[in-house]
file work-v2.csv (CSV, C-alpha atoms and all ligand atoms)
chain,number,residue,atom,x,y,z
A,22,MET,CA,0.0,0.0,0.0
A,23,THR,CA,1.2,3.5,-0.7
A,24,ASP,CA,0.6,6.6,1.5
A,25,THR,CA,0.6,10.0,0.0
A,26,THR,CA,-1.7,12.0,2.3
A,27,HIS,CA,-1.1,15.4,3.9
A,28,PRO,CA,-2.3,15.6,7.6
A,29,VAL,CA,-3.4,19.2,7.2
A,30,GLN,CA,-5.5,18.6,4.1
A,31,ALA,CA,-7.0,15.4,5.6
A,32,ALA,CA,-8.4,17.5,8.5
A,33,ARG,CA,-10.8,19.2,6.1
A,34,TYR,CA,-13.1,16.2,5.5
A,35,LEU,CA,-16.2,16.6,7.7
A,36,PHE,CA,-15.9,13.1,9.2
A,37,ASP,CA,-12.9,10.9,10.0
A,38,SER,CA,-13.0,7.3,8.9
A,39,ASP,CA,-10.0,6.6,11.2
A,40,THR,CA,-12.2,6.9,14.4
A,41,ASP,CA,-14.6,4.4,15.8
A,42,LEU,CA,-17.6,6.5,14.9
A,43,GLY,CA,-16.1,6.9,11.4
A,44,ALA,CA,-15.8,3.2,11.1
A,45,GLN,CA,-19.4,2.7,12.2
A,46,GLN,CA,-20.5,5.2,9.6
A,47,LEU,CA,-18.8,3.1,6.9
A,48,VAL,CA,-20.6,0.0,8.0
A,49,LEU,CA,-24.0,1.7,8.0
A,50,LEU,CA,-23.3,3.2,4.5
A,51,GLU,CA,-22.6,-0.2,3.1
A,52,GLU,CA,-25.7,-1.6,4.7
A,53,LEU,CA,-27.9,1.2,3.3
A,54,LEU,CA,-26.3,1.8,-0.1
A,55,ASP,CA,-24.7,-1.3,-1.4
A,56,GLU,CA,-27.9,-2.9,-2.7
A,57,PRO,CA,-28.8,0.0,-5.1
A,58,THR,CA,-25.1,0.6,-5.9
A,59,PHE,CA,-24.4,-3.0,-6.9
A,60,ARG,CA,-27.6,-3.1,-9.0
A,61,PHE,CA,-26.5,0.0,-10.9
A,62,LEU,CA,-22.8,-1.2,-11.3
A,63,ASP,CA,-23.7,-4.8,-12.3
A,64,THR,CA,-25.3,-3.6,-15.5
A,65,LEU,CA,-22.1,-2.0,-16.8
A,66,PRO,CA,-19.4,-3.9,-18.7
A,67,LEU,CA,-16.3,-4.9,-16.7
A,68,ALA,CA,-14.6,-8.0,-18.0
A,69,PRO,CA,-12.1,-10.3,-16.3
A,70,GLY,CA,-8.7,-8.7,-16.8
A,71,GLY,CA,-10.2,-5.2,-16.7
A,72,ARG,CA,-9.2,-2.3,-14.5
A,73,ALA,CA,-11.4,-0.3,-12.1
A,74,LEU,CA,-10.9,2.5,-9.7
A,75,ASP,CA,-12.9,3.1,-6.5
A,76,LEU,CA,-12.3,6.5,-4.9
A,77,GLY,CA,-13.1,7.3,-1.3
A,78,ALA,CA,-13.4,3.5,-1.0
A,79,GLY,CA,-14.5,3.5,2.7
A,80,GLY,CA,-15.0,0.0,4.0
A,81,GLY,CA,-14.2,-1.5,0.6
A,82,SER,CA,-17.4,-3.3,-0.3
A,83,VAL,CA,-17.7,-1.7,-3.7
A,84,ALA,CA,-14.0,-2.4,-4.5
A,85,ARG,CA,-14.5,-6.0,-3.5
A,86,ARG,CA,-17.6,-6.3,-5.7
A,87,LEU,CA,-15.6,-4.8,-8.6
A,88,ALA,CA,-12.6,-7.1,-8.0
A,89,SER,CA,-15.0,-10.1,-8.2
A,90,ARG,CA,-15.6,-9.1,-11.8
A,91,THR,CA,-12.1,-8.1,-12.9
A,92,GLY,CA,-10.8,-11.5,-11.7
A,93,PRO,CA,-7.2,-12.6,-11.1
A,94,GLY,CA,-5.9,-11.0,-14.3
A,95,GLY,CA,-7.4,-7.6,-13.5
A,96,GLU,CA,-7.0,-4.8,-10.9
A,97,VAL,CA,-9.1,-2.6,-8.7
A,98,VAL,CA,-7.3,0.4,-7.4
A,99,ALA,CA,-9.0,1.5,-4.1
A,100,VAL,CA,-8.1,5.0,-2.8
A,101,ASP,CA,-9.0,6.7,0.5
A,102,LEU,CA,-7.6,9.1,3.1
A,103,ALA,CA,-8.1,6.3,5.6
A,104,THR,CA,-7.3,2.7,4.6
A,105,ASP,CA,-7.4,0.9,7.9
A,106,HIS,CA,-10.9,-0.5,7.1
A,107,LEU,CA,-9.8,-1.6,3.6
A,108,PRO,CA,-8.3,-5.1,4.0
A,109,GLU,CA,-5.5,-6.0,1.6
A,110,THR,CA,-7.4,-8.4,-0.8
A,111,ASP,CA,-6.3,-10.2,-4.0
A,112,GLY,CA,-7.0,-8.1,-7.0
A,113,ILE,CA,-7.2,-4.8,-5.0
A,114,THR,CA,-4.4,-2.3,-4.8
A,115,LEU,CA,-4.7,0.1,-1.9
A,116,HIS,CA,-3.6,3.7,-1.9
A,117,ARG,CA,-3.8,6.0,1.2
A,118,HIS,CA,-4.0,9.2,-0.8
A,119,ASP,CA,-5.7,12.6,-0.9
A,120,VAL,CA,-7.5,12.7,-4.3
A,121,ARG,CA,-7.3,16.6,-4.2
A,122,ASP,CA,-3.7,15.9,-5.2
A,123,GLY,CA,-4.9,14.0,-8.3
A,124,LEU,CA,-4.9,10.2,-8.8
A,125,PRO,CA,-2.2,8.1,-7.2
A,126,VAL,CA,-1.8,6.0,-10.4
A,127,ALA,CA,-2.4,6.6,-14.1
A,128,GLY,CA,-5.4,5.3,-16.0
A,129,PRO,CA,-6.9,4.1,-18.2
A,130,PHE,CA,-9.7,2.5,-16.2
A,131,ASP,CA,-12.7,0.6,-17.6
A,132,LEU,CA,-14.8,1.7,-14.7
A,133,ILE,CA,-14.4,4.5,-12.1
A,134,HIS,CA,-16.7,4.7,-9.1
A,135,ALA,CA,-16.9,7.2,-6.3
A,136,ARG,CA,-19.7,7.1,-3.7
A,137,LEU,CA,-20.3,10.1,-1.3
A,138,LEU,CA,-16.9,11.6,-2.1
A,139,LEU,CA,-17.3,14.4,-4.7
A,140,MET,CA,-20.2,15.9,-2.6
A,141,HIS,CA,-17.6,16.5,0.1
A,142,LEU,CA,-15.0,18.1,-2.1
A,143,PRO,CA,-15.2,21.8,-3.2
A,144,GLU,CA,-12.7,20.8,-6.0
A,145,ARG,CA,-15.3,18.3,-7.4
A,146,LEU,CA,-15.4,19.7,-10.9
A,147,ALA,CA,-11.6,19.6,-11.4
A,148,LEU,CA,-11.6,16.0,-10.0
A,149,LEU,CA,-14.4,15.1,-12.4
A,150,ARG,CA,-12.3,16.3,-15.4
A,151,THR,CA,-9.3,14.2,-14.1
A,152,LEU,CA,-11.6,11.2,-13.8
A,153,VAL,CA,-12.9,11.6,-17.3
A,154,GLY,CA,-9.3,11.9,-18.5
A,155,ALA,CA,-8.5,8.6,-16.7
A,156,LEU,CA,-11.3,6.6,-18.3
A,157,ALA,CA,-10.6,4.2,-21.1
A,158,PRO,CA,-12.5,4.7,-24.4
A,159,GLY,CA,-15.9,3.2,-23.8
A,160,GLY,CA,-15.4,3.2,-20.0
A,161,HIS,CA,-17.9,4.4,-17.4
A,162,LEU,CA,-17.8,6.9,-14.6
A,163,VAL,CA,-20.3,6.1,-11.8
A,164,LEU,CA,-21.0,8.6,-8.9
A,165,GLY,CA,-23.3,8.0,-5.9
A,166,GLU,CA,-24.3,11.1,-4.0
A,167,MET,CA,-26.8,12.1,-1.3
A,168,SER,CA,-29.4,14.8,-1.8
A,169,ALA,CA,-31.1,16.4,1.2
A,170,ARG,CA,-34.4,17.6,0.0
A,171,PRO,CA,-36.0,17.9,3.4
A,172,ASN,CA,-36.1,14.5,5.1
A,173,ARG,CA,-39.8,14.8,5.9
A,174,VAL,CA,-41.0,13.6,9.3
A,175,LEU,CA,-43.8,11.0,9.2
A,176,THR,CA,-44.4,10.4,12.9
A,177,ALA,CA,-42.6,11.7,16.0
A,178,PRO,CA,-43.4,11.1,19.7
A,179,THR,CA,-44.1,14.8,20.3
A,180,ALA,CA,-44.4,18.0,18.2
A,181,ASP,CA,-41.2,19.3,20.0
A,182,ASP,CA,-39.4,16.2,18.7
A,183,ARG,CA,-40.5,16.8,15.2
A,184,ARG,CA,-39.3,20.5,15.4
A,185,LEU,CA,-36.0,19.3,16.9
A,186,PHE,CA,-35.3,16.9,14.1
A,187,GLU,CA,-36.1,19.6,11.5
A,188,ARG,CA,-33.9,22.1,13.3
A,189,VAL,CA,-30.9,19.8,13.6
A,190,GLN,CA,-31.2,18.7,10.0
A,191,ARG,CA,-31.5,22.3,8.8
A,192,ILE,CA,-28.4,23.5,10.7
A,193,ALA,CA,-26.5,20.4,9.6
A,194,HIS,CA,-27.4,20.7,6.0
A,195,GLU,CA,-27.6,24.4,5.4
A,196,VAL,CA,-24.8,25.7,7.8
A,197,VAL,CA,-22.3,23.0,8.9
A,198,THR,CA,-22.1,21.0,5.6
A,199,PRO,CA,-21.5,24.0,3.3
A,200,SER,CA,-19.0,25.5,5.8
A,201,ARG,CA,-16.8,22.4,5.0
A,202,GLY,CA,-17.2,22.7,1.3
A,203,ALA,CA,-19.6,19.8,1.0
A,204,SER,CA,-22.8,20.0,-1.1
A,205,PHE,CA,-26.1,18.2,-1.0
A,206,HIS,CA,-27.1,20.0,-4.3
A,207,TRP,CA,-24.3,18.3,-6.2
A,208,ALA,CA,-26.3,15.1,-6.3
A,209,HIS,CA,-28.7,16.7,-8.8
A,210,GLU,CA,-26.0,18.8,-10.5
A,211,ALA,CA,-23.9,15.8,-11.4
A,212,TYR,CA,-25.9,14.7,-14.4
A,213,GLY,CA,-25.3,18.0,-16.2
A,214,ALA,CA,-21.6,18.1,-15.1
A,215,LEU,CA,-21.0,14.6,-16.6
A,216,LEU,CA,-22.5,15.8,-19.9
A,217,ASP,CA,-20.4,19.0,-19.8
A,218,ALA,CA,-17.3,16.9,-19.2
A,219,GLY,CA,-18.0,15.1,-22.5
A,220,LEU,CA,-19.6,11.8,-21.3
A,221,ASN,CA,-22.5,10.6,-23.3
A,222,PRO,CA,-24.9,8.9,-22.7
A,223,VAL,CA,-25.5,10.0,-19.1
A,224,TYR,CA,-28.1,8.3,-17.0
A,225,SER,CA,-29.3,8.8,-13.4
A,226,GLU,CA,-31.5,7.1,-10.8
A,227,GLU,CA,-32.7,8.3,-7.5
A,228,PHE,CA,-33.3,5.9,-4.5
A,229,SER,CA,-35.3,6.9,-1.4
A,230,ARG,CA,-36.7,5.1,1.6
A,231,THR,CA,-38.6,5.7,4.8
A,232,THR,CA,-36.8,5.0,8.0
A,233,ALA,CA,-37.7,4.5,11.7
A,234,GLY,CA,-35.8,5.1,14.9
A,235,GLY,CA,-33.3,2.3,15.5
A,236,SER,CA,-33.0,1.4,11.8
A,237,PRO,CA,-29.6,1.7,10.0
A,238,ALA,CA,-30.7,5.0,8.4
A,239,CYS,CA,-31.6,6.6,11.8
A,240,ARG,CA,-28.5,5.2,13.3
A,241,LEU,CA,-26.6,6.9,10.5
A,242,HIS,CA,-28.3,10.2,11.3
A,243,ARG,CA,-27.3,9.7,15.0
A,244,ASN,CA,-23.7,8.9,14.0
A,245,TYR,CA,-23.4,12.0,11.8
A,246,VAL,CA,-24.5,14.2,14.8
A,247,LEU,CA,-22.1,12.5,17.2
A,248,GLN,CA,-19.3,13.1,14.8
A,249,ALA,CA,-20.3,16.7,14.1
A,250,THR,CA,-21.2,17.6,17.7
A,251,PRO,CA,-18.6,20.4,18.2
A,252,LEU,CA,-19.7,22.0,14.9
A,253,LEU,CA,-23.4,21.8,15.8
A,254,LEU,CA,-22.8,23.2,19.3
A,255,ALA,CA,-20.9,26.1,17.7
A,256,GLU,CA,-24.0,26.8,15.5
A,257,GLY,CA,-26.3,27.2,18.6
A,258,LEU,CA,-27.7,23.8,19.2
A,259,THR,CA,-27.5,22.7,22.9
A,260,ARG,CA,-26.1,19.6,24.4
A,261,SER,CA,-29.5,18.6,25.7
A,262,GLU,CA,-31.0,19.1,22.2
A,263,LEU,CA,-28.4,16.8,20.7
A,264,ASP,CA,-28.9,14.2,23.5
A,265,ARG,CA,-32.6,14.2,22.7
A,266,TYR,CA,-31.9,13.9,19.0
A,267,GLY,CA,-29.7,10.9,19.7
A,268,GLU,CA,-32.5,9.2,21.7
A,269,LEU,CA,-35.1,10.0,19.0
A,270,MET,CA,-32.9,8.3,16.4
A,271,LEU,CA,-33.2,5.1,18.4
A,272,ASP,CA,-37.0,5.4,19.1
A,273,PRO,CA,-39.1,3.3,16.8
A,274,GLY,CA,-41.9,5.9,17.3
A,275,PHE,CA,-39.9,8.3,15.1
A,276,ARG,CA,-40.3,7.8,11.3
A,277,ALA,CA,-39.2,10.0,8.5
A,278,TRP,CA,-38.1,9.9,4.9
A,279,PHE,CA,-34.3,9.4,4.5
A,280,TYR,CA,-31.9,11.2,2.1
A,281,GLN,CA,-32.3,10.6,-1.6
A,282,PHE,CA,-29.4,8.6,-2.9
A,283,VAL,CA,-28.7,9.6,-6.5
A,284,LEU,CA,-26.7,7.4,-8.8
A,285,VAL,CA,-25.4,8.8,-12.1
A,286,ARG,CA,-23.2,7.2,-14.8
A,287,GLY,CA,-21.7,8.5,-18.0
A,288,ARG,CA,-19.8,6.7,-20.8
A,289,LYS,CA,-16.7,8.0,-22.5
A,290,ALA,CA,-16.8,7.8,-26.3
A,291,GLY,CA,-14.8,5.0,-28.0
B,1,LIG,C1,-18.8,9.3,3.2
B,1,LIG,S1,-17.5,8.2,3.1
B,1,LIG,C2,-18.0,7.1,1.9
B,1,LIG,C3,-17.3,5.8,1.9
B,1,LIG,C4,-17.7,4.8,0.8
B,1,LIG,N1,-17.5,5.4,-0.5
B,1,LIG,C5,-19.1,4.4,0.9
B,1,LIG,O1,-20.0,5.1,0.3
B,1,LIG,O2,-19.4,3.5,1.7
B,1,LIG,C6,-16.3,9.2,2.3
B,1,LIG,C7,-14.9,8.5,2.2
B,1,LIG,O3,-14.1,9.3,1.3
B,1,LIG,C8,-12.8,9.5,2.0
B,1,LIG,N2,-12.3,10.8,1.6
B,1,LIG,C9,-12.8,12.0,2.0
B,1,LIG,N3,-12.0,13.0,1.4
B,1,LIG,C10,-11.1,12.3,0.7
B,1,LIG,C11,-10.0,12.8,-0.1
B,1,LIG,N4,-9.7,14.1,-0.2
B,1,LIG,N5,-9.2,11.9,-0.7
B,1,LIG,C12,-9.4,10.5,-0.5
B,1,LIG,N6,-10.4,10.0,0.2
B,1,LIG,C13,-11.2,10.9,0.8
B,1,LIG,C14,-13.1,9.3,3.5
B,1,LIG,O4,-12.0,8.9,4.2
B,1,LIG,C15,-14.3,8.3,3.5
B,1,LIG,O5,-13.8,7.0,3.6

call {"tool": "encode", "arguments": {"input": "work-v2.csv", "output": "structure tokens"}}
result
Amino acid sequence: MTDTTHPVQAARYLFDSDTDLGAQQLVLLEELLDEPTFRFLDTLPLAPGGRALDLGAGGGSVARRLASRTGPGGEVVAVDLATDHLPETDGITLHRHDVRDGLPVAGPFDLIHARLLLMHLPERLALLRTLVGALAPGGHLVLGEMSARPNRVLTAPTADDRRLFERVQRIAHEVVTPSRGASFHWAHEAYGALLDAGLNPVYSEEFSRTTAGGSPACRLHRNYVLQATPLLLAEGLTRSELDRYGELMLDPGFRAWFYQFVLVRGRKAG
């Protein structure tokens, strides 16, 4: 494994996959998003002997899925700021690397995938151009991103709980997330950006679900707030509000719509 990260730059990412909470976040994301992601990826060509790239690979489930298709003669390059959760596996080459410095290895790749990475990077358009340049002719770029059209509450134990959920979500999405350069709007801007970058055809799907307290989606909401507690306190939320929010996310009497997960893919001519 190679390591080309810079500690100062790494600190800018809103979360930290090297912590216990960051590791739990990765497990929950795989539980919630692998099914639609695999369904989307499995329709794309990737032959044994092929080459794929997974950026911001997290816990590595997508890299492993891709490696099961590229076979012994192929290669999946998995890149992340944090690689402790990425086991060294046959067919996968790990790079601990900050993608804002470009790619750690040269293309071409038959398939490039990045889930919940570009939304976190203010440099997303420059990275997108780099990724298109690294695609093989006929290769596909696949992005998975979260959109935060209001996660509408369906039931809550009390009216105060409903208002608390809405307030925490609003501050998290409209104040804290943008202050770190992350964007929930990017999910629905990506389609046009892929077209502008020269990919054609471009195709997108949106996946959304309801969730209840205690489910993986609500536990992910809770995890995000635990990781971002200092930032949320700095924006005026109180410790007791955050504690109540944490309880609510484990209460089956709370139900709401979860984020929209948007998948988009584009093909390079050739
Ligand atoms: C929200 S997690 C998503 C993980 C995985 N793609 C998934 O969906 O399950 C974002 C991942 O991108 C990594 N990451 C964030 N900024 C990065 C950067 N500048 N370069 C490389 N990896 C980065 C984080 O360490 C984290 O593992």

call {"tool": "closest_atom_pairs", "arguments": {"input": "work-v2.csv", "of": "chain A", "to": "ligand LIG 1 (chain B)", "cutoff": "7 Å", "atoms": "only C-alpha atoms and all ligand atoms", "output": "Markdown table"}}
result
| residue | atom | partner | partner_atom | distance |
| --- | --- | --- | --- | --- |
| A:Ala31 | CA | B:LIG1 | N4 | 6.5 |
| A:Tyr34 | CA | B:LIG1 | N3 | 5.3 |
| A:Asp37 | CA | B:LIG1 | O4 | 6.2 |
| A:Ser38 | CA | B:LIG1 | O4 | 5.1 |
| A:Leu47 | CA | B:LIG1 | O2 | 5.2 |
| A:Leu50 | CA | B:LIG1 | O2 | 4.8 |
| A:Glu51 | CA | B:LIG1 | O2 | 5.1 |
| A:Leu76 | CA | B:LIG1 | N6 | 6.5 |
| A:Gly77 | CA | B:LIG1 | O3 | 3.4 |
| A:Ala78 | CA | B:LIG1 | N1 | 4.5 |
| A:Gly79 | CA | B:LIG1 | O5 | 3.7 |
| A:Gly80 | CA | B:LIG1 | O2 | 6.1 |
| A:Val100 | CA | B:LIG1 | C12 | 6.1 |
| A:Asp101 | CA | B:LIG1 | N6 | 3.6 |
| A:Leu102 | CA | B:LIG1 | N6 | 4.1 |
| A:Ala103 | CA | B:LIG1 | O4 | 4.9 |
| A:His118 | CA | B:LIG1 | C12 | 5.6 |
| A:Asp119 | CA | B:LIG1 | N5 | 3.6 |
| A:Val120 | CA | B:LIG1 | N5 | 4.1 |
| A:Arg121 | CA | B:LIG1 | N4 | 5.3 |
| A:Ala135 | CA | B:LIG1 | N1 | 6.1 |
| A:Arg136 | CA | B:LIG1 | N1 | 4.2 |
| A:Leu137 | CA | B:LIG1 | C1 | 4.8 |
| A:Leu138 | CA | B:LIG1 | O3 | 5.0 |
| A:His141 | CA | B:LIG1 | N3 | 6.7 |
| A:Leu142 | CA | B:LIG1 | N3 | 6.9 |

call {"tool": "closest_residue", "arguments": {"input": "work-v2.csv", "among": "A:Thr259, A:Glu52, A:His106, A:Ala68", "to": "A:Gly94", "atoms": "all atoms listed in the file"}}
result
A:Ala68

call {"tool": "residues_around", "arguments": {"input": "work-v2.csv", "residues": "A:Arg191", "least_positions_apart": "5", "cutoff": "9 Å", "atoms": "only C-alpha atoms", "output": "list in words"}}
result
Pro171, Phe186 and Val196 of chain A

call {"tool": "residues_around", "arguments": {"input": "work-v2.csv", "residues": "stretch 232-235 of chain A", "least_positions_apart": "4", "cutoff": "7 Å", "atoms": "all atoms listed in the file", "output": "list of chain:residue names"}}
result
A:Cys239, A:Arg240, A:Leu269, A:Met270, A:Leu271, A:Asp272, A:Pro273, A:Gly274, A:Phe275, A:Arg276, A:Ala277, A:Trp278, A:Phe279

call {"tool": "closest_residue", "arguments": {"input": "work-v2.csv", "among": "A:Ala73, A:Leu115, A:Ile133, A:Ala255", "to": "A:Gly95", "atoms": "all atoms listed in the file"}}
result
A:Ala73

call {"tool": "closest_residue", "arguments": {"input": "work-v2.csv", "among": "A:Arg173, A:His116, A:Arg86, A:Arg243", "to": "A:Phe59", "atoms": "all atoms listed in the file"}}
result
A:Arg86

call {"tool": "closest_atom_pairs", "arguments": {"input": "work-v2.csv", "of": "stretch 26-131 of chain A", "to": "stretch 285-291 of chain A", "cutoff": "10 Å", "atoms": "all atoms listed in the file", "output": "Markdown table"}}
result
| residue | atom | partner | partner_atom | distance |
| --- | --- | --- | --- | --- |
| A:Phe61 | CA | A:Arg286 | CA | 8.8 |
| A:Leu62 | CA | A:Arg286 | CA | 9.1 |
| A:Leu65 | CA | A:Arg286 | CA | 9.5 |
| A:Asp131 | CA | A:Lys289 | CA | 9.7 |

call {"tool": "closest_residue", "arguments": {"input": "work-v2.csv", "among": "A:Arg188, A:His161, A:Arg90, A:His209", "to": "A:Gly257", "atoms": "all atoms listed in the file"}}
result
A:Arg188

call {"tool": "residues_near_point", "arguments": {"input": "work-v2.csv", "point": "(-25.0, 14.0, -1.5)", "cutoff": "7 Å", "atoms": "all atoms listed in the file", "output": "PyMOL selection string"}}
result
chain A and resi 137+140+166-168+204-208

call {"tool": "write_last_selection", "arguments": {"input": "work-v2.csv", "atoms": "C-alpha atoms", "output": "PDB file, in the frame of the given file"}}
result
ATOM      1  CA  LEU A 137     -20.300  10.100  -1.300  1.00  0.00           C
ATOM      2  CA  MET A 140     -20.200  15.900  -2.600  1.00  0.00           C
ATOM      3  CA  GLU A 166     -24.300  11.100  -4.000  1.00  0.00           C
ATOM      4  CA  MET A 167     -26.800  12.100  -1.300  1.00  0.00           C
ATOM      5  CA  SER A 168     -29.400  14.800  -1.800  1.00  0.00           C
ATOM      6  CA  SER A 204     -22.800  20.000  -1.100  1.00  0.00           C
ATOM      7  CA  PHE A 205     -26.100  18.200  -1.000  1.00  0.00           C
ATOM      8  CA  HIS A 206     -27.100  20.000  -4.300  1.00  0.00           C
ATOM      9  CA  TRP A 207     -24.300  18.300  -6.200  1.00  0.00           C
ATOM     10  CA  ALA A 208     -26.300  15.100  -6.300  1.00  0.00           C
TER      11      ALA A 208
END

call {"tool": "closest_residue", "arguments": {"input": "work-v2.csv", "among": "A:Gln190, A:Thr176, A:Gln248, A:Ser89", "to": "A:Thr110", "atoms": "all atoms listed in the file"}}
result
A:Ser89

call {"tool": "closest_residue", "arguments": {"input": "work-v2.csv", "among": "A:Glu96, A:Glu268, A:Asp39, A:Asp217", "to": "A:Val126", "atoms": "only C-alpha atoms"}}
result
A:Glu96

call {"tool": "atom_distance", "arguments": {"input": "work-v2.csv", "atom1": "atom CA of A:Ala88", "atom2": "atom CA of A:Ile113"}}
result
6.6 Å

call {"tool": "residues_around", "arguments": {"input": "work-v2.csv", "residues": "A:Ala147", "least_positions_apart": "4", "cutoff": "12 Å", "atoms": "all atoms listed in the file", "output": "PyMOL selection string"}}
result
chain A and resi 120-124+139+142-143+151-154+214-215+218

call {"tool": "atom_distance", "arguments": {"input": "work-v2.csv", "atom1": "atom CA of A:Leu253", "atom2": "atom CA of A:Arg230"}}
result
25.6 Å

call {"tool": "atom_distance", "arguments": {"input": "work-v2.csv", "atom1": "atom CA of A:Arg145", "atom2": "atom CA of A:Gly112"}}
result
27.7 Å

call {"tool": "decode", "arguments": {"input": "work-v2.csv", "residues": "stretch 109-131 of chain A", "atoms": "N, CA and C atoms", "output": "JSON list (two decimals), in the first residue's frame"}}
result
[["chain", "number", "residue", "atom", "x", "y", "z"],
["A", 109, "GLU", "N", -6.30, -5.68, 2.75],
["A", 109, "GLU", "CA", -5.54, -6.04, 1.55],
["A", 109, "GLU", "C", -6.18, -7.32, 0.99],
["A", 110, "THR", "N", -6.65, -7.27, -0.21],
["A", 110, "THR", "CA", -7.35, -8.41, -0.81],
["A", 110, "THR", "C", -6.79, -8.65, -2.19],
["A", 111, "ASP", "N", -6.77, -9.91, -2.61],
["A", 111, "ASP", "CA", -6.29, -10.22, -3.96],
["A", 111, "ASP", "C", -7.07, -9.40, -4.98],
["A", 112, "GLY", "N", -6.35, -8.82, -5.89],
["A", 112, "GLY", "CA", -7.01, -8.10, -6.98],
["A", 112, "GLY", "C", -7.28, -6.64, -6.65],
["A", 113, "ILE", "N", -7.01, -6.22, -5.39],
["A", 113, "ILE", "CA", -7.23, -4.82, -5.00],
["A", 113, "ILE", "C", -5.90, -4.19, -4.58],
["A", 114, "THR", "N", -5.57, -3.07, -5.17],
["A", 114, "THR", "CA", -4.37, -2.32, -4.78],
["A", 114, "THR", "C", -4.82, -1.11, -3.97],
["A", 115, "LEU", "N", -4.31, -0.97, -2.74],
["A", 115, "LEU", "CA", -4.74, 0.12, -1.86],
["A", 115, "LEU", "C", -3.80, 1.32, -1.97],
["A", 116, "HIS", "N", -4.39, 2.51, -1.95],
["A", 116, "HIS", "CA", -3.59, 3.74, -1.89],
["A", 116, "HIS", "C", -4.18, 4.65, -0.83],
["A", 117, "ARG", "N", -3.39, 4.96, 0.20],
["A", 117, "ARG", "CA", -3.79, 5.98, 1.18],
["A", 117, "ARG", "C", -3.37, 7.31, 0.55],
["A", 118, "HIS", "N", -4.32, 8.08, 0.09],
["A", 118, "HIS", "CA", -3.97, 9.21, -0.77],
["A", 118, "HIS", "C", -5.10, 10.24, -0.75],
["A", 119, "ASP", "N", -4.76, 11.50, -0.86],
["A", 119, "ASP", "CA", -5.74, 12.58, -0.95],
["A", 119, "ASP", "C", -6.01, 12.87, -2.42],
["A", 120, "VAL", "N", -7.24, 12.62, -2.84],
["A", 120, "VAL", "CA", -7.55, 12.74, -4.28],
["A", 120, "VAL", "C", -7.50, 14.20, -4.75],
["A", 121, "ARG", "N", -7.43, 15.15, -3.80],
["A", 121, "ARG", "CA", -7.29, 16.55, -4.23],
["A", 121, "ARG", "C", -5.90, 16.79, -4.82],
["A", 122, "ASP", "N", -4.99, 15.83, -4.62],
["A", 122, "ASP", "CA", -3.67, 15.90, -5.25],
["A", 122, "ASP", "C", -3.65, 15.16, -6.58],
["A", 123, "GLY", "N", -4.81, 14.76, -7.07],
["A", 123, "GLY", "CA", -4.86, 13.99, -8.32],
["A", 123, "GLY", "C", -4.93, 12.51, -8.02],
["A", 124, "LEU", "N", -4.79, 11.69, -9.04],
["A", 124, "LEU", "CA", -4.88, 10.25, -8.84],
["A", 124, "LEU", "C", -3.50, 9.69, -8.48],
["A", 125, "PRO", "N", -3.47, 8.66, -7.63],
["A", 125, "PRO", "CA", -2.17, 8.11, -7.22],
["A", 125, "PRO", "C", -1.52, 7.26, -8.31],
["A", 126, "VAL", "N", -2.31, 6.79, -9.26],
["A", 126, "VAL", "CA", -1.77, 6.00, -10.38],
["A", 126, "VAL", "C", -2.47, 6.46, -11.66],
["A", 127, "ALA", "N", -1.83, 6.21, -12.77],
["A", 127, "ALA", "CA", -2.40, 6.64, -14.06],
["A", 127, "ALA", "C", -3.48, 5.67, -14.54],
["A", 128, "GLY", "N", -4.37, 6.17, -15.38],
["A", 128, "GLY", "CA", -5.37, 5.34, -16.04],
["A", 128, "GLY", "C", -4.69, 4.55, -17.15],
["A", 129, "PRO", "N", -5.42, 4.02, -18.10],
["A", 129, "PRO", "CA", -6.87, 4.13, -18.19],
["A", 129, "PRO", "C", -7.59, 3.07, -17.35],
["A", 130, "PHE", "N", -8.83, 3.41, -16.96],
["A", 130, "PHE", "CA", -9.70, 2.50, -16.20],
["A", 130, "PHE", "C", -10.97, 2.23, -17.00],
["A", 131, "ASP", "N", -11.42, 0.98, -16.96],
["A", 131, "ASP", "CA", -12.68, 0.63, -17.65],
["A", 131, "ASP", "C", -13.87, 1.15, -16.87]]
